[in-house]
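A.B. asks: Structure in structure tokens, see below.
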Amino acid sequence: MAPVNIAVVGLGYWGPNLVRNLWETDRVQVVAVCDPNPRARGPIARRYPSIRAVASYEDLLADEDVDAVAIATPVHMHFAMARAALLAGKHVFVEKPMAGRSQDCLELMALADERSLVLMPGHTFLYSPPVRKIKKLLDDGELGELFFATFSRVNLGIHQSDVSVVRDLGPHDFSMLLYWLGKPTFVRAIGRDAVGSGQLDVAFVDMGLPNGALVHMEFSWLAPTKLRRTVLVGSGKMVVYEDTSPEQVRVFDRGVEMIEPQSFGEYQLSYRSGDVLSPRLDADEPLRLEMQDFVDCVASGETPVSSAALGYSVVQMIEATENSLTFNGSPCSLGAEPGEQRQAGDRRRSDGGMPVVGRLAAPGV
């Protein structure tokens with residue numbers, strides 16, 4: 001098969017990582033990099049002398065030798081640059097989130113469909129061996145019925161000046177939740193700007209899933225230690241995923257079962273405490289797997305794991321979280337317009353049927 005000619009756009013923090021991984025990916029030829037800053041282009045030009053380094057994005061899109069672009073620019077530029085590339089007939093990989101608004105995501109998806117082009121958001125965690133292992137455990141029914149899940153993504157980190165902690169850290173866990181379990185039925189959130197930077201630096205987000213399972217996520221730039229921890233609790237088994245741990249995935253054969261009562265008012269619980277297993281994980285770089293998936297889909301026309309539909313749902317989850325924050329923690333649905341008032345209902349309910357703002361989104365990712 002002929003190689004896919006790709007250009008990388010944006011050579012700040014993440015762009016050089018895309019160049020390195022694409023350079024090592026099968027059936028790829030990195031033909032150009034683009035950045036208006038000559039100091040950003042210089043190191044790439046010296047390290048990869050065969051790659052053209054250009055300043056003009058418009059000139060790059062006019063080059064018929066370029067089949068696809070990989071965009072690693074600031075978030076506020078994603079929509080306009082991806083749209084221009086699709087209109088120029090280029091396949092598009094764009095770092096997360098796919099766009100700032102779900103409405104813009106829909107426009108990009110429509111353009112890609114009309115032109116039979118691949119549009120892929122960069123949700124790298126979906127290619128992580130631990131995340132894929134947990135996906136298999138869930139698909140195989142190892143956990144049984146899911147009761148609840150918790151996600152913690154906190155650190156004493158860099159306060160972003162242009163986005164809140166929800167838009168900075170949330171897409172990682174939102175994408176994993178969608179990949180594993182599908183869309184939530186409601187989202188509700190509280191948060192604050194603790195240090196007065198002008199952006200929320202801590203947020204707590206609760207969600208309900210269609211089967212009644214509950215999800216809690218916490219995001220913060222104000223924690224004493226870095227923590228990347230996810231816990232899934234099911235009727236059969238439980239899973240702990242810690243991205244910073246030597247044993248990233250641990251499966252606990254533990255649970256609780258109700259014993260049938262022998263007399264009126266007698267309820268007993270049986271606690272099961274079995275083995276703890278650390279499954280073997282493939283040693284592979286998620287970004288390389290992500291780039292390989294993009295290239296394979298450009299060649300085959302298939303849909304990538306990190307699909308445009310999933311990227312759209314991630315942005316919907318961001319908007320639902322921000323909508324809930326606007327209304328002081330009221331539950332909101334994916335797809336509710338900003339400013340819609342919450343529907344009347346019993347807020348004391350704590351299952352997947354929580355009343356929500358606006359209409360419920362269609363099922364599926």
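The way I read the labels, and the way they are meant: chains A, B, ... in the order of the structure tokens, residue 1 as the first residue of every chain, and ligand 1 as the first ligand shown, with later ones counted on from there.
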Can you tell me, as a PyMOL selection string, what residues are no more than 9 Å from Asn155 in chain A when counting only C-alpha atoms, ignoring any on the same chain fewer than 6 positions away?

C.D. replies: chain A and resi 219-228

A.B. asks: Restricting the output to C-alpha atoms, write the selected residues as a JSON list (two decimals), in the first residue's frame.

C.D. replies:
```
[["chain", "number", "residue", "atom", "x", "y", "z"],
["A", 219, "PHE", "CA", -10.43, 17.20, 39.12],
["A", 220, "SER", "CA", -8.02, 19.59, 40.80],
["A", 221, "TRP", "CA", -4.83, 21.59, 40.29],
["A", 222, "LEU", "CA", -4.60, 21.92, 44.09],
["A", 223, "ALA", "CA", -3.59, 18.55, 45.52],
["A", 224, "PRO", "CA", -0.50, 17.72, 47.60],
["A", 225, "THR", "CA", 0.38, 14.73, 45.38],
["A", 226, "LYS", "CA", -0.31, 13.62, 41.84],
["A", 227, "LEU", "CA", -3.08, 11.03, 41.70],
["A", 228, "ARG", "CA", -4.49, 9.27, 38.64]]
```

A.B. asks: Applying 10 Å and only C-alpha atoms, which residues near Glu322 in chain A remain after dropping the ones on its own chain fewer than 2 positions away? List them as number ranges by chain.

C.D. replies: A: 164, 166-167, 187-191, 316-320, 324-329, 332, 338

A.B. asks: Give me, as a VMD selection string, all polymer residues having an atom no more than 12 Å from Leu117 in chain A, counting only C-alpha atoms and skipping those fewer than 2 positions away in the same chain.

C.D. replies: chain A and resid 67 to 69 82 to 83 85 to 93 108 to 115 119 to 120 294 to 295 297 to 304 308

A.B. asks: So that I can see what lies close to range 17-20 of chain A, please list as a PDB file with C-alpha atoms, in the first residue's frame the residues with an atom at most 9 Å from it, counting only C-alpha atoms and leaving out residues fewer than 3 positions away in the same chain.

C.D. replies:
```pdb
ATOM      1  CA  ALA A   7       1.805  16.957   7.913  1.00  0.00           C
ATOM      2  CA  VAL A   8       1.942  17.894  11.610  1.00  0.00           C
ATOM      3  CA  LEU A  11       5.108  22.343  17.195  1.00  0.00           C
ATOM      4  CA  TYR A  13       4.598  20.950  23.651  1.00  0.00           C
ATOM      5  CA  TRP A  14       2.779  18.043  21.992  1.00  0.00           C
ATOM      6  CA  TRP A  23       7.971   8.913  11.901  1.00  0.00           C
ATOM      7  CA  GLU A  24       8.054   5.435  13.460  1.00  0.00           C
ATOM      8  CA  THR A  25       4.596   4.348  12.265  1.00  0.00           C
ATOM      9  CA  VAL A  30       5.810  12.714   7.368  1.00  0.00           C
ATOM     10  CA  VAL A  33       5.522  20.307   9.677  1.00  0.00           C
ATOM     11  CA  ILE A  44      12.364  19.535  13.955  1.00  0.00           C
ATOM     12  CA  ALA A  70      -2.362  16.121  12.515  1.00  0.00           C
ATOM     13  CA  ALA A  72      -1.718  20.011  17.816  1.00  0.00           C
ATOM     14  CA  LEU A 287       0.444   7.549  21.196  1.00  0.00           C
ATOM     15  CA  ARG A 288       2.074   5.200  18.695  1.00  0.00           C
ATOM     16  CA  MET A 291      -1.236   7.208  15.268  1.00  0.00           C
TER      17      MET A 291
END
```

A.B. asks: Restricting the calculation to only C-alpha atoms: of A:Cys34, A:Leu143, A:Gly157, A:Asp173, which residue gets closest to Met238 in chain A?

C.D. replies: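 Checking each of A:Cys34, A:Leu143, A:Gly157, A:Asp173 against Met238 in chain A, counting only C-alpha atoms, the winner is A:Leu143.
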
A.B. asks: For Ala62 in chain A, which residue out of A:Ala84, A:Asp162, A:Val154, A:Arg41 is the nearest one, using only C-alpha atoms?

C.D. replies: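 Ranking A:Ala84, A:Asp162, A:Val154, A:Arg41 by distance to Ala62 in chain A, first place goes to A:Ala84.
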
A.B. asks: Provide the CA of Phe125 in chain A to CA of Phe147 in chain A distance in Å, to one decimal place.

C.D. replies: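 Those two atoms sit 23.1 Å apart.
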
A.B. asks: Any idea what's packed within 7 Å of Val233 in chain A, counting only C-alpha atoms, ignoring anything in its chain fewer than 3 positions away? Could you give it as a list in words?

C.D. replies: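 Everything that qualifies: Leu146, Phe147, Phe148, Ala149, Lys237, Met238 and Val239 of chain A.
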
A.B. asks: Per residue of range 234-255 of chain A within 10 Å of range 132-135 of chain A, which atom pair is closest and at what distance in Å (one decimal), using only C-alpha atoms, listed by chain and increasing number, as a tab-separated table?

C.D. replies:
```
residue	atom	partner	partner_atom	distance
A:Val239	CA	A:Ile134	CA	8.0
A:Val240	CA	A:Ile134	CA	9.5
A:Tyr241	CA	A:Ile134	CA	8.5
A:Val249	CA	A:Ile134	CA	8.0
A:Arg250	CA	A:Ile134	CA	9.8
A:Val251	CA	A:Ile134	CA	9.4
```

A.B. asks: I'd like the neighbourhood of Ala99 in chain A as an NGL selection string, where a residue qualifies if any of its atoms comes within 9 Å (using only C-alpha atoms), though same-chain residues fewer than 4 positions away should be ignored.

C.D. replies: :A and (75-80 or 82 or 94 or 103-105 or 108 or 311-312 or 315)

A.B. asks: Just list as a VMD selection string whatever in range 100-182 of chain A DSSP marks as strand (DSSP E).

C.D. replies: chain A and resid 119 to 122 146 to 154

A.B. asks: Could the residues in this selection be written to a file with C-alpha atoms, as a CSV table (one decimal), in the first residue's frame?

C.D. replies:
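And here's again-v2.csv as it stands now:
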```
chain,number,residue,atom,x,y,z
A,119,LEU,CA,-12.0,12.9,11.4
A,120,MET,CA,-10.3,11.6,14.6
A,121,PRO,CA,-9.9,13.4,17.9
A,122,GLY,CA,-6.8,12.6,20.0
A,146,LEU,CA,-21.5,-2.2,37.7
A,147,PHE,CA,-22.6,-0.5,40.9
A,148,PHE,CA,-20.5,2.7,40.8
A,149,ALA,CA,-17.2,4.1,39.7
A,150,THR,CA,-14.8,6.9,40.9
A,151,PHE,CA,-12.2,8.8,39.0
A,152,SER,CA,-9.5,11.0,40.6
A,153,ARG,CA,-7.3,13.2,38.5
A,154,VAL,CA,-5.6,15.7,40.8
```
